[in-house]
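Just run.txt here, compact mmCIF, C-alpha atoms:
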```txt
# COMPACT_ATOMS: atom_id res chain seq x y z
CA MET Y 1 -3.93 73.86 -34.44
CA LYS Y 2 -5.33 71.64 -37.16
CA LYS Y 3 -8.78 71.89 -38.72
CA PHE Y 4 -9.71 68.79 -36.74
CA THR Y 5 -9.80 70.97 -33.63
CA ILE Y 6 -12.72 73.04 -34.88
CA VAL Y 7 -14.63 69.81 -35.52
CA LEU Y 8 -13.80 68.61 -32.01
CA PHE Y 9 -14.81 71.96 -30.58
CA PHE Y 10 -18.31 71.86 -32.00
CA LEU Y 11 -18.68 68.15 -31.26
CA ALA Y 12 -17.90 68.92 -27.64
CA LEU Y 13 -20.56 71.62 -27.60
CA VAL Y 14 -23.15 68.97 -28.37
CA GLN Y 15 -21.80 66.14 -26.24
CA THR Y 16 -20.81 67.86 -23.02
CA LEU Y 17 -23.69 69.31 -21.08
CA SER Y 18 -24.80 71.98 -23.50
CA ALA Y 19 -21.44 73.27 -24.60
CA GLN Y 20 -19.88 72.44 -21.24
CA GLN Y 21 -21.30 75.70 -19.93
CA GLN Y 22 -21.44 73.92 -16.56
CA SER Y 23 -18.29 71.98 -15.82
CA LEU Y 24 -18.68 68.25 -15.49
CA TYR Y 25 -17.39 66.46 -12.37
CA SER Y 26 -17.51 62.81 -11.38
CA GLN Y 27 -16.59 63.20 -7.69
CA TYR Y 28 -19.21 65.80 -6.82
CA ILE Y 29 -20.56 63.35 -4.22
CA PHE Y 30 -17.56 64.34 -2.06
CA ASN Y 31 -17.99 68.06 -2.65
CA LEU Y 32 -21.65 68.87 -3.30
CA TYR Y 33 -20.70 72.54 -3.16
CA THR Y 34 -19.76 72.28 -6.86
CA VAL Y 35 -23.39 71.58 -7.81
CA ASN Y 36 -25.29 73.42 -5.06
CA PRO Y 37 -24.23 76.58 -3.17
CA ALA Y 38 -26.54 75.64 -0.28
CA TYR Y 39 -24.05 72.92 0.70
CA ALA Y 40 -21.60 75.57 1.99
CA GLY Y 41 -20.81 75.03 5.67
CA SER Y 42 -22.45 71.59 5.82
CA ARG Y 43 -19.27 69.74 6.83
CA ASP Y 44 -19.13 71.60 10.18
CA ALA Y 45 -15.53 72.57 9.45
CA LEU Y 46 -13.42 74.78 7.23
CA SER Y 47 -13.52 72.58 4.14
CA ALA Y 48 -11.01 73.07 1.31
CA ASN Y 49 -11.19 71.02 -1.88
CA LEU Y 50 -9.05 70.84 -5.01
CA SER Y 51 -9.83 68.87 -8.16
CA TYR Y 52 -8.39 68.41 -11.63
CA ARG Y 53 -10.24 66.76 -14.51
CA ALA Y 54 -8.90 65.78 -17.94
CA GLN Y 55 -11.77 64.70 -20.17
CA TRP Y 56 -11.63 62.63 -23.38
CA VAL Y 57 -7.87 62.06 -23.13
CA GLY Y 58 -6.39 61.68 -26.61
CA PHE Y 59 -8.49 64.38 -28.26
CA GLU Y 60 -6.63 67.56 -29.19
CA GLY Y 61 -8.31 70.45 -27.40
CA SER Y 62 -10.29 68.16 -25.08
CA PRO Y 63 -11.88 69.64 -21.92
CA LYS Y 64 -9.71 70.28 -18.86
CA THR Y 65 -11.10 71.66 -15.62
CA GLN Y 66 -9.47 72.82 -12.38
CA ASN Y 67 -11.50 73.76 -9.31
CA PHE Y 68 -10.64 75.04 -5.85
CA SER Y 69 -13.32 75.69 -3.26
CA ILE Y 70 -13.35 76.61 0.41
CA HIS Y 71 -16.34 77.04 2.70
CA SER Y 72 -17.09 77.16 6.41
CA PRO Y 73 -19.92 77.77 8.87
CA LEU Y 74 -19.76 80.91 11.01
CA ARG Y 75 -19.38 80.41 14.74
CA LYS Y 76 -22.61 80.47 16.75
CA LYS Y 77 -24.54 81.60 13.69
CA ASN Y 78 -26.78 79.69 11.32
CA MET Y 79 -24.76 80.99 8.41
CA ALA Y 80 -21.86 79.95 6.23
CA LEU Y 81 -19.55 81.56 3.67
CA GLY Y 82 -17.73 80.08 0.72
CA LEU Y 83 -15.44 80.87 -2.20
CA GLN Y 84 -14.98 78.96 -5.42
CA PHE Y 85 -12.36 79.35 -8.17
CA GLN Y 86 -12.62 77.47 -11.43
CA ASN Y 87 -10.86 77.27 -14.77
CA ASP Y 88 -12.48 75.37 -17.60
CA GLU Y 89 -10.87 74.91 -21.03
CA ILE Y 90 -12.22 73.26 -24.14
CA GLY Y 91 -10.61 73.80 -27.54
CA ALA Y 92 -10.13 77.51 -28.17
CA ARG Y 93 -12.53 78.51 -25.40
CA SER Y 94 -11.67 79.11 -21.74
CA ALA Y 95 -13.78 80.21 -18.81
CA THR Y 96 -12.17 81.34 -15.55
CA SER Y 97 -14.52 82.19 -12.71
CA ILE Y 98 -14.57 83.31 -9.10
CA SER Y 99 -17.68 83.28 -6.96
CA ALA Y 100 -18.66 83.92 -3.34
CA THR Y 101 -21.42 82.14 -1.43
CA TYR Y 102 -23.69 83.01 1.47
CA ALA Y 103 -25.72 80.19 3.00
CA TYR Y 104 -28.30 80.21 5.79
CA THR Y 105 -29.34 77.17 7.84
CA LEU Y 106 -32.77 76.44 9.30
CA ASN Y 107 -32.36 73.83 12.04
CA LEU Y 108 -35.27 71.35 11.99
CA GLY Y 109 -34.19 69.25 14.99
CA SER Y 110 -32.75 65.74 15.35
CA GLY Y 111 -29.79 66.68 13.15
CA LYS Y 112 -32.01 67.70 10.26
CA LYS Y 113 -31.65 71.06 8.55
CA LEU Y 114 -32.65 73.07 5.52
CA ASN Y 115 -29.94 75.15 3.87
CA LEU Y 116 -30.50 78.04 1.48
CA GLY Y 117 -27.60 79.43 -0.54
CA LEU Y 118 -26.94 82.41 -2.79
CA GLN Y 119 -23.85 82.64 -4.97
CA GLY Y 120 -22.55 85.44 -7.14
CA GLY Y 121 -19.41 86.12 -9.10
CA VAL Y 122 -17.83 86.85 -12.45
CA ILE Y 123 -16.63 84.71 -15.35
CA ASN Y 124 -13.86 85.63 -17.76
CA TYR Y 125 -15.16 84.00 -20.93
CA ALA Y 126 -12.51 83.98 -23.66
CA MET Y 127 -12.10 82.70 -27.22
CA ASP Y 128 -8.73 82.36 -28.94
CA TRP Y 129 -9.83 82.52 -32.57
CA ASN Y 130 -6.22 82.52 -33.77
CA ALA Y 131 -5.83 78.99 -32.39
CA LEU Y 132 -8.31 77.71 -34.99
CA THR Y 133 -8.05 77.15 -38.71
CA TYR Y 134 -11.36 78.68 -39.76
CA ASP Y 135 -12.18 79.32 -43.42
CA GLU Y 136 -15.10 81.74 -42.98
CA ARG Y 137 -13.21 84.70 -41.51
CA ASN Y 138 -15.88 87.10 -42.80
CA ASP Y 139 -18.62 85.38 -40.85
CA PRO Y 140 -19.82 88.12 -38.43
CA THR Y 141 -21.33 85.62 -36.00
CA ALA Y 142 -18.28 83.40 -35.69
CA TRP Y 143 -15.97 86.31 -34.91
CA SER Y 144 -18.34 88.41 -32.82
CA ILE Y 145 -17.52 86.81 -29.46
CA ASP Y 146 -15.26 89.11 -27.49
CA PRO Y 147 -11.87 87.36 -27.02
CA ASN Y 148 -11.85 88.46 -23.38
CA ARG Y 149 -15.30 89.13 -21.93
CA TRP Y 150 -16.21 89.49 -18.26
CA ILE Y 151 -19.76 88.47 -17.43
CA PRO Y 152 -21.71 88.33 -14.13
CA ASN Y 153 -23.13 85.11 -12.78
CA PHE Y 154 -25.66 84.29 -10.04
CA ASP Y 155 -26.76 80.96 -8.57
CA PHE Y 156 -29.31 79.76 -5.99
CA GLY Y 157 -29.63 76.51 -4.09
CA ALA Y 158 -31.72 74.80 -1.42
CA MET Y 159 -30.76 71.59 0.32
CA TYR Y 160 -32.36 69.35 2.95
CA LEU Y 161 -29.86 67.36 5.01
CA SER Y 162 -30.26 64.72 7.70
CA PRO Y 163 -27.56 62.57 9.33
CA ARG Y 164 -27.99 59.90 6.62
CA SER Y 165 -29.70 61.50 3.64
CA TYR Y 166 -29.77 64.63 1.52
CA ILE Y 167 -31.67 66.14 -1.37
CA GLY Y 168 -31.02 69.49 -3.01
CA PHE Y 169 -32.15 71.71 -5.85
CA SER Y 170 -30.06 74.41 -7.48
CA ALA Y 171 -30.45 76.89 -10.34
CA LEU Y 172 -27.18 78.08 -11.89
CA ASN Y 173 -26.52 80.95 -14.33
CA LEU Y 174 -29.73 82.72 -13.32
CA SER Y 175 -28.76 85.95 -15.09
CA GLU Y 176 -28.16 84.14 -18.42
CA PRO Y 177 -25.48 86.67 -19.50
CA SER Y 178 -24.83 87.18 -23.20
CA LEU Y 179 -21.54 85.95 -24.67
CA THR Y 180 -21.51 88.31 -27.65
CA ASP Y 181 -22.46 91.84 -28.67
CA SER Y 182 -23.58 90.71 -32.13
CA ASP Y 183 -27.21 91.22 -33.14
CA GLN Y 184 -26.89 88.07 -35.24
CA SER Y 185 -26.20 85.76 -32.31
CA ASP Y 186 -28.01 84.99 -29.07
CA ALA Y 187 -25.13 83.00 -27.58
CA ARG Y 188 -25.41 83.16 -23.80
CA LEU Y 189 -24.95 81.09 -20.67
CA ARG Y 190 -28.16 79.18 -20.11
CA THR Y 191 -29.78 78.56 -16.74
CA HIS Y 192 -28.99 75.04 -15.51
CA LEU Y 193 -31.14 73.16 -13.00
CA ASN Y 194 -29.67 70.45 -10.76
CA LEU Y 195 -31.46 67.97 -8.53
CA VAL Y 196 -29.19 65.84 -6.36
CA GLY Y 197 -29.91 63.31 -3.64
CA GLY Y 198 -28.64 60.30 -1.75
CA LYS Y 199 -29.29 58.10 1.28
CA ILE Y 200 -27.06 55.99 3.53
CA PHE Y 201 -28.02 52.42 4.46
CA ASN Y 202 -26.11 50.65 7.21
CA ILE Y 203 -25.52 47.04 6.16
CA SER Y 204 -23.06 45.93 8.84
CA PRO Y 205 -20.64 47.50 11.35
CA THR Y 206 -18.06 47.83 8.53
CA LEU Y 207 -20.26 48.41 5.48
CA ASP Y 208 -22.58 51.22 4.42
CA LEU Y 209 -24.22 51.62 1.01
CA LYS Y 210 -25.26 54.93 -0.51
CA PRO Y 211 -27.40 55.07 -3.66
CA GLY Y 212 -27.51 58.53 -5.18
CA PHE Y 213 -28.51 60.51 -8.23
CA LEU Y 214 -27.88 63.79 -10.00
CA LEU Y 215 -30.27 65.20 -12.60
CA ARG Y 216 -29.00 68.07 -14.78
CA HIS Y 217 -31.15 70.12 -17.14
CA ASP Y 218 -30.39 73.34 -18.99
CA ILE Y 219 -33.55 75.28 -19.77
CA GLY Y 220 -34.47 74.89 -23.41
CA GLY Y 221 -31.72 72.33 -23.97
CA THR Y 222 -30.58 68.89 -22.89
CA MET Y 223 -31.16 66.71 -19.86
CA GLN Y 224 -28.69 64.28 -18.32
CA PHE Y 225 -28.70 62.18 -15.17
CA ASP Y 226 -26.32 60.11 -13.06
CA ILE Y 227 -27.29 57.08 -10.98
CA SER Y 228 -24.63 55.90 -8.55
CA LEU Y 229 -24.03 53.33 -5.86
CA SER Y 230 -21.29 53.89 -3.29
CA ALA Y 231 -19.91 51.45 -0.73
CA LEU Y 232 -18.19 52.72 2.42
CA LEU Y 233 -15.86 50.22 4.10
CA SER Y 234 -14.77 50.70 7.72
CA ASN Y 235 -15.68 54.40 7.60
CA GLN Y 236 -12.57 54.97 5.50
CA PHE Y 237 -12.75 53.61 1.95
CA TRP Y 238 -15.36 54.63 -0.63
CA PHE Y 239 -15.92 52.78 -3.92
CA THR Y 240 -18.47 54.17 -6.37
CA ALA Y 241 -19.97 52.98 -9.65
CA THR Y 242 -21.99 55.47 -11.69
CA TYR Y 243 -24.11 55.20 -14.81
CA ARG Y 244 -24.25 58.48 -16.74
CA HIS Y 245 -27.14 58.65 -19.20
CA ASN Y 246 -26.13 59.18 -22.83
CA PHE Y 247 -22.49 59.06 -21.78
CA GLY Y 248 -21.23 55.91 -20.17
CA MET Y 249 -19.84 54.63 -16.88
CA VAL Y 250 -17.76 56.08 -14.06
CA ALA Y 251 -15.72 54.20 -11.47
CA SER Y 252 -14.12 55.99 -8.52
CA ALA Y 253 -12.22 55.25 -5.34
CA HIS Y 254 -11.91 57.58 -2.36
CA VAL Y 255 -10.01 57.18 0.88
CA PHE Y 256 -9.93 59.13 4.13
CA ILE Y 257 -6.22 59.08 4.93
CA THR Y 258 -7.01 60.78 8.24
CA ASP Y 259 -10.22 62.18 9.72
CA LYS Y 260 -9.33 65.45 8.01
CA LEU Y 261 -7.58 64.54 4.76
CA HIS Y 262 -9.26 62.60 1.96
CA VAL Y 263 -8.26 61.93 -1.65
CA GLY Y 264 -9.98 60.33 -4.62
CA TYR Y 265 -9.65 59.27 -8.23
CA ALA Y 266 -12.34 58.73 -10.87
CA TYR Y 267 -12.18 57.20 -14.33
CA ASP Y 268 -14.92 57.80 -16.92
CA GLN Y 269 -15.42 55.83 -20.11
CA THR Y 270 -17.94 56.65 -22.79
CA LEU Y 271 -20.17 53.94 -24.22
CA ASN Y 272 -21.18 55.93 -27.30
CA ASN Y 273 -19.52 56.36 -30.71
CA MET Y 274 -16.69 58.42 -29.17
CA VAL Y 275 -15.22 55.40 -27.39
CA THR Y 276 -12.80 54.53 -30.21
CA TYR Y 277 -11.37 58.07 -30.45
CA GLN Y 278 -10.29 58.73 -26.86
CA SER Y 279 -9.02 56.88 -23.81
CA GLY Y 280 -11.46 58.03 -21.19
CA SER Y 281 -11.49 60.81 -18.60
CA HIS Y 282 -9.45 61.12 -15.40
CA GLU Y 283 -10.28 63.13 -12.29
CA ILE Y 284 -8.20 63.67 -9.16
CA PHE Y 285 -9.64 65.08 -5.93
CA VAL Y 286 -8.06 66.24 -2.65
CA GLY Y 287 -10.10 67.50 0.30
CA TYR Y 288 -9.21 68.74 3.78
CA ASP Y 289 -11.62 69.44 6.66
CA MET Y 290 -10.23 71.50 9.51
CA PRO Y 291 -12.36 72.16 12.62
CA ILE Y 292 -11.87 75.83 13.44
CA TYR Y 293 -14.10 75.96 16.52
CA LYS Y 294 -13.20 74.04 19.67
CA ALA Y 295 -16.65 72.51 19.94
CA ALA Y 296 -16.48 71.09 16.42
CA GLN Y 297 -15.42 67.53 15.82
CA ILE Y 298 -14.77 65.72 12.57
CA LYS Y 299 -17.15 62.78 12.26
CA PRO Y 300 -17.33 60.07 9.60
CA ARG Y 301 -18.54 61.84 6.46
CA PHE Y 302 -21.24 60.25 4.35
CA TYR Y 303 -21.65 63.22 2.00
```
Show me, as structure tokens, the structure contained in the file I just sent.
Amino acid sequence: MKKFTIVLFFLALVQTLSAQQQSLYSQYIFNLYTVNPAYAGSRDALSANLSYRAQWVGFEGSPKTQNFSIHSPLRKKNMALGLQFQNDEIGARSATSISATYAYTLNLGSGKKLNLGLQGGVINYAMDWNALTYDERNDPTAWSIDPNRWIPNFDFGAMYLSPRSYIGFSALNLSEPSLTDSDQSDARLRTHLNLVGGKIFNISPTLDLKPGFLLRHDIGGTMQFDISLSALLSNQFWFTATYRHNFGMVASAHVFITDKLHVGYAYDQTLNNMVTYQSGSHEIFVGYDMPIYKAAQIKPRFY
């Protein structure tokens, strides 16, 4: 791999959500479980979701992320369980994780509820130093990161949901595990705070609008926010435009092929000085909601 890759690698650390410690998604509005564990079980079905994201296409070593999640409420209990698998690659670094979620629901009446979620798991954080052309091979800090390090990870979330609105807060990487054994480096996963919300407005029998937002902040680091507007046509087709602060714009389309199966595609384009060096980011999403209890019914999903 050419020396350019090491430049890209460190550029990405600055540009992508504090070293892309938390994977970036553009279709989180169709799977809020990726940003808040308290969302587990909220679709009243066994919900399975698969996504693939290729970021900054055209850059060698650009970020690529794959995610699979599954979650479901427990029958006749105000509880839900979930599992999430993720693989995130950027340059010579990869992070593969598995986590389990427990969520508890407080029913507030009239379809309103407050969910609390705890999530725990492990991350295999790896660096392939041999993939880089690096001149300072005697630098103890640069080479102190274990090439294959397992670290624990814990998350917490709370989410208020009503039939047509939601707002949630989550804190990810609560344990802030260290990425190196070196006394000369304090590299670690930083705690990330997320605040997400949205509300549905019925405009006509065939049109609903949903403004939404997502605020991300890593403690002691950067802050970023998304502002989006989604249009739902005939309870089947979603079209979303998003402004991402200090990044650019996102356009996405999502369709419910059946009441259970839905698919989506998102395209991101930067509006900063990186725009001339890459051809945007692409994200594909597939979701399936299967009612596992006879009393459950799939209804039009707004979030």
* Asked: Can you tell me, as a list in words, what residues are no more than 10 Å from Ser94 of chain Y when counting only C-alpha atoms, ignoring any on the same chain fewer than 2 positions away?
  -> Pro63, Lys64, Thr65, Asn87, Asp88, Glu89, Ile90, Gly91, Ala92, Thr96, Ser97, Ile123, Asn124, Tyr125, Ala126, Met127, Asp128, Pro147 and Asn148 of chain Y
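For the set Y:Ala253, Y:Val35, Y:Met290, Y:Leu118, the residue with the smallest atom-to-atom gap to Ala48 of chain Y is Y:Met290, counting all atoms listed in the file.
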* Asked: Which one of Y:Thr206, Y:Asn107, Y:Ser51, Y:Ser170 sits closest to Phe285 of chain Y if you count only C-alpha atoms?
  ->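 Counting only C-alpha atoms, the residue closest to Phe285 of chain Y is Y:Ser51.
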* To do: Calculate how many Å separate atom CA of Ser165 of chain Y from atom CA of Leu233 of chain Y, rounding to one decimal.
  => 17.9 Å
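Rounded to one decimal, atom CA of Thr101 of chain Y and atom CA of Phe154 of chain Y lie 9.8 Å from each other.
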Distance query Gly287 of chain Y at most 9 Å, all atoms listed in the file, self and fewer than 5 positions along chain excluded, as a PDB file with C-alpha atoms, keeping the file's coordinate frame:
```pdb
ATOM      1  CA  PHE Y  30     -17.560  64.340  -2.060  1.00  0.00           C
ATOM      2  CA  ASN Y  31     -17.990  68.060  -2.650  1.00  0.00           C
ATOM      3  CA  SER Y  47     -13.520  72.580   4.140  1.00  0.00           C
ATOM      4  CA  ALA Y  48     -11.010  73.070   1.310  1.00  0.00           C
ATOM      5  CA  ASN Y  49     -11.190  71.020  -1.880  1.00  0.00           C
ATOM      6  CA  LEU Y  50      -9.050  70.840  -5.010  1.00  0.00           C
ATOM      7  CA  SER Y  51      -9.830  68.870  -8.160  1.00  0.00           C
ATOM      8  CA  LYS Y 260      -9.330  65.450   8.010  1.00  0.00           C
ATOM      9  CA  LEU Y 261      -7.580  64.540   4.760  1.00  0.00           C
ATOM     10  CA  HIS Y 262      -9.260  62.600   1.960  1.00  0.00           C
ATOM     11  CA  VAL Y 263      -8.260  61.930  -1.650  1.00  0.00           C
ATOM     12  CA  GLY Y 264      -9.980  60.330  -4.620  1.00  0.00           C
TER      13      GLY Y 264
END
```
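Counting from atom CA of Leu195 of chain Y, the distance to atom CA of Ser162 of chain Y is 16.6 Å.
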* Do you know which residues are at most 10 Å from Asn202 of chain Y counting all atoms listed in the file, after dropping those on the same chain fewer than 6 positions away, and could you put them as number ranges by chain? -> Y: 164, 208-210, 232
